[in-house]
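Engineer: Mind having a look at this structure? Questions to follow.
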Amino acid sequence: QVKYGEEPAIALHSFVDLVIRQGGSGMIDTAAANQIMTETCSQVTCFVPLDARPVSIEIQEMGTVVVPFGFDPTSCVQDFLLRAAAAGHEVTKEIGDQIMSAVCAAGQTKGLTYCHRPLDMHPFTLQVDGIGTLVVPFSMEPAQAVTQFLSEAMDAGHAIDSNHAKMLMEHVCQSRVCTVQAVDTTPTTLNISEMGMITVNYGEDPAQVVRRFISHATYLGQNVTPQQAQMIMDNICSRTKCRQSLDLATTSIEVQGAGILHVPYNMVPQVAIRNFGNEHRLSVYVMQQVMDQLCTMVPCEAEIKPKEP
C-alpha cells in the first residue's frame with residue numbers, strides 16, 4: 001500500500017525491508033520488484049525510479065560480496081565468508097565484522113535501513129544421539145569437521161558406517177555451505193596374490209576384516225602363516241586407520257567334563273570340534289553347543305565339501 005504523497009519506490013523499499021526482517025529474504029527479487037513498480041506506476045505517478053541494483057563490494061584477495069535486491073545482507077555476507085573459508089582464506093570475526101559494516105554502509109547510502117540482524121560467526125553445533133556434539137567452526141570445511149568427529153567416534157568404539165556419514169553431512173550442509181559434499185567413505189581394498197580381494201568398508205575394524213579373511217582362507221584349505229597375516233595387516237593399515245592389532249591367539253573354551261578345547265587361528269572350527277568331540281566321546285548336542293559358543297568368538301562359516309575326484 002502506497003500512502004498519499006509517498007513515493008512508490010520508497011514505499012516498495014520499505015515493504016521489502018519489512019519482508020526481509022520477517023524472514024522473507026529473496027521473496028521479492030529484482031524481477032518481482034520491477035513488476036510491482038510497473039503495476040503501481042500505471043495507477044499513480046512515479047517520479048523516482050526504483051533502484052534495484054545489488055550492493056557489491058570488492059574484498060581484497062577474497063572476491064566480491066554481492067547482496068541482490070530483496071535479499072538479507074547478513075545471510076549474503078555469511079555465505080560469502082563461508083565460501084571464502086572453504087576456498088582456504090583466513091576468516092576471522094574481525095574480518096567478518098569489517099565486511100558486514102561495509103555492506104551495511106553501502107546499503108544505507110540508498111536510504112535503506114538495510115541491515116536488520118548482526119553477523120553470526122559462532123560454530124555450528126549438532127547433538128548426535130548416543131555419540132556427542134559435532135562442532136563445525138565457522139571457517140572449517142564441514143566435511144573435514146564431520147570426518148574428524150566420526151573418526152573420534154570410532155576411536156571411542158561407536159559403530160559407524162557410510163550411511164551415518166551421509167546422513168550427518170546432509171544435515172550439516174542444510175545449515176552450512178559445503179564445498180565438499182560428502183565424507184570420503186571409499187572402501188579400502190587389497191588384492192592378495194593367490195588368495196583374493198580383501199575389502200574394508202568405511203567404519204569396519206580392519207583387524208576383524210583381516211581375521212575373517214584369514215579364516216575364510218583356512219576354510220578354503222590355504223595355510224596363512226603369522227608372518228603372512230601380519231604383512232596383510234600392515235599393508236591394510238598403510239591405507240586406512242587401524243585401531244586394533246591383529247589377534248591370532250589360540251581360542252580356548254572349557255567344556256564341562258571333557259577339558260579345554262584349543263582352536264588355533266588357522267584351523268577350521270568344525271574340524272577342531274569334531275576332533276575334540278571324538279576324542280572325548282561328546283554327543284552331537286554337546287558339540288553343537290560348543291560350536292555355537294565358539295562361533296561367538298571366532299569367524300565361522302559353512303564347511304566347503306571337498307571336490308569329488
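Going through the C-alpha cells in order, the chains are called A, B, and so on, while each chain numbers its residues from 1 and the ligands are numbered from 1 in the order shown.
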Any idea what's packed within 8 Å of segment 255-272 of chain A, counting only C-alpha atoms, ignoring anything in its chain fewer than 6 positions away? Could you give it as JSON, numbers by chain?
Structural biologist: {"A": [214, 215, 218, 219, 223, 224, 248, 249, 280, 290, 291, 294, 300, 303]}
Engineer: Mind checking which residues fall within 7 Å of segment 233-245 of chain A, counting only C-alpha atoms, ignoring those fewer than 3 positions away in the same chain, and posting them as a VMD selection string?
Structural biologist: chain A and resid 155 188 206 to 207 210 229 to 230
Engineer: Go ahead and save the picked residues with N, CA and C atoms, as a PDB file, in the first residue's frame.
Structural biologist:
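This is the output file again.pdb:
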```
ATOM      1  N   ASP A 155      37.036 -44.153  17.275  1.00  0.00           N
ATOM      2  CA  ASP A 155      38.099 -44.373  18.268  1.00  0.00           C
ATOM      3  C   ASP A 155      37.506 -44.754  19.616  1.00  0.00           C
ATOM      4  N   THR A 188      38.483 -49.597   1.498  1.00  0.00           N
ATOM      5  CA  THR A 188      39.901 -49.896   1.293  1.00  0.00           C
ATOM      6  C   THR A 188      40.009 -51.320   0.770  1.00  0.00           C
ATOM      7  N   PRO A 206      39.566 -52.912  10.632  1.00  0.00           N
ATOM      8  CA  PRO A 206      40.454 -53.665   9.746  1.00  0.00           C
ATOM      9  C   PRO A 206      40.953 -54.978  10.353  1.00  0.00           C
ATOM     10  N   ALA A 207      41.219 -54.976  11.666  1.00  0.00           N
ATOM     11  CA  ALA A 207      41.726 -56.193  12.304  1.00  0.00           C
ATOM     12  C   ALA A 207      40.703 -57.324  12.201  1.00  0.00           C
ATOM     13  N   VAL A 210      40.514 -58.524   8.471  1.00  0.00           N
ATOM     14  CA  VAL A 210      41.665 -59.368   8.127  1.00  0.00           C
ATOM     15  C   VAL A 210      41.531 -60.735   8.791  1.00  0.00           C
ATOM     16  N   ALA A 229      50.054 -63.165   7.617  1.00  0.00           N
ATOM     17  CA  ALA A 229      48.895 -62.458   8.166  1.00  0.00           C
ATOM     18  C   ALA A 229      49.274 -61.040   8.590  1.00  0.00           C
ATOM     19  N   GLN A 230      50.428 -60.900   9.237  1.00  0.00           N
ATOM     20  CA  GLN A 230      50.847 -59.579   9.687  1.00  0.00           C
ATOM     21  C   GLN A 230      51.205 -58.670   8.511  1.00  0.00           C
TER      22      GLN A 230
END
```
Engineer: Find the residues near His13 of chain A: any atom within 12 Å, counting only C-alpha atoms, skip ones fewer than 2 places away on the same chain, and give them as number ranges by chain.
Structural biologist: A: 1-2, 6-11, 15-20, 28-30, 33-34, 36-37, 48-52, 69-71, 107-108, 110-114
Engineer: Provide the atom CA of Val77 of chain A to atom CA of Met100 of chain A distance in Å, to one decimal place.
Structural biologist: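 Atom CA of Met100 of chain A lies 6.6 Å from atom CA of Val77 of chain A.
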Engineer: From the list A:Val209, A:Met195, A:Val128, A:Leu282, which residue is nearest His171 of chain A when using only C-alpha atoms?
Structural biologist: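 Of A:Val209, A:Met195, A:Val128, A:Leu282, the one nearest His171 of chain A is A:Val128, counting only C-alpha atoms.
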Engineer: As an exercise, work out the distance from atom CA of Glu152 of chain A to atom CA of Pro137 of chain A in Å and give it to one decimal place.
Structural biologist: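 Distance reported for this atom pair: 16.6 Å.
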Engineer: Between A:Ser139, A:Asn163, A:Gln127, A:Asn201, single out the one closest to Gly96 of chain A, counting only C-alpha atoms.
Structural biologist: A:Ser139
Engineer: From the DSSP assignment of the backbone, select every residue of segment 33-279 of chain A that is alpha helix (DSSP H), and format the answer as an MDAnalysis selection string.
Structural biologist: chainID A and resid 33:41 73:86 93:108 142:155 162:173 206:219 226:237 269:279
Engineer: Quick check, in Å to one decimal: how far apart do atom CA of Gln98 of chain A and atom CA of Val177 of chain A lie?
Structural biologist: 20.8 Å
Engineer: List the neighbours of Thr199 of chain A out to 7 Å using only C-alpha atoms; skip same-chain residues closer than 5 positions along the sequence, and give me the result as an MDAnalysis selection string.
Structural biologist: chainID A and resid 187:190
Engineer: Atoms to include: C-alpha atoms. Write the selected residues as an mmCIF file, in the first residue's frame.
Structural biologist:
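Final output, out-v9.cif:
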```cif
data_model
loop_
_atom_site.group_PDB
_atom_site.id
_atom_site.type_symbol
_atom_site.label_atom_id
_atom_site.label_comp_id
_atom_site.auth_asym_id
_atom_site.auth_seq_id
_atom_site.Cartn_x
_atom_site.Cartn_y
_atom_site.Cartn_z
ATOM 1 C CA PRO A 187 36.271 -48.860 0.895
ATOM 2 C CA THR A 188 39.901 -49.896 1.293
ATOM 3 C CA THR A 189 40.770 -52.819 -0.969
ATOM 4 C CA LEU A 190 43.812 -55.038 -1.296
#
```
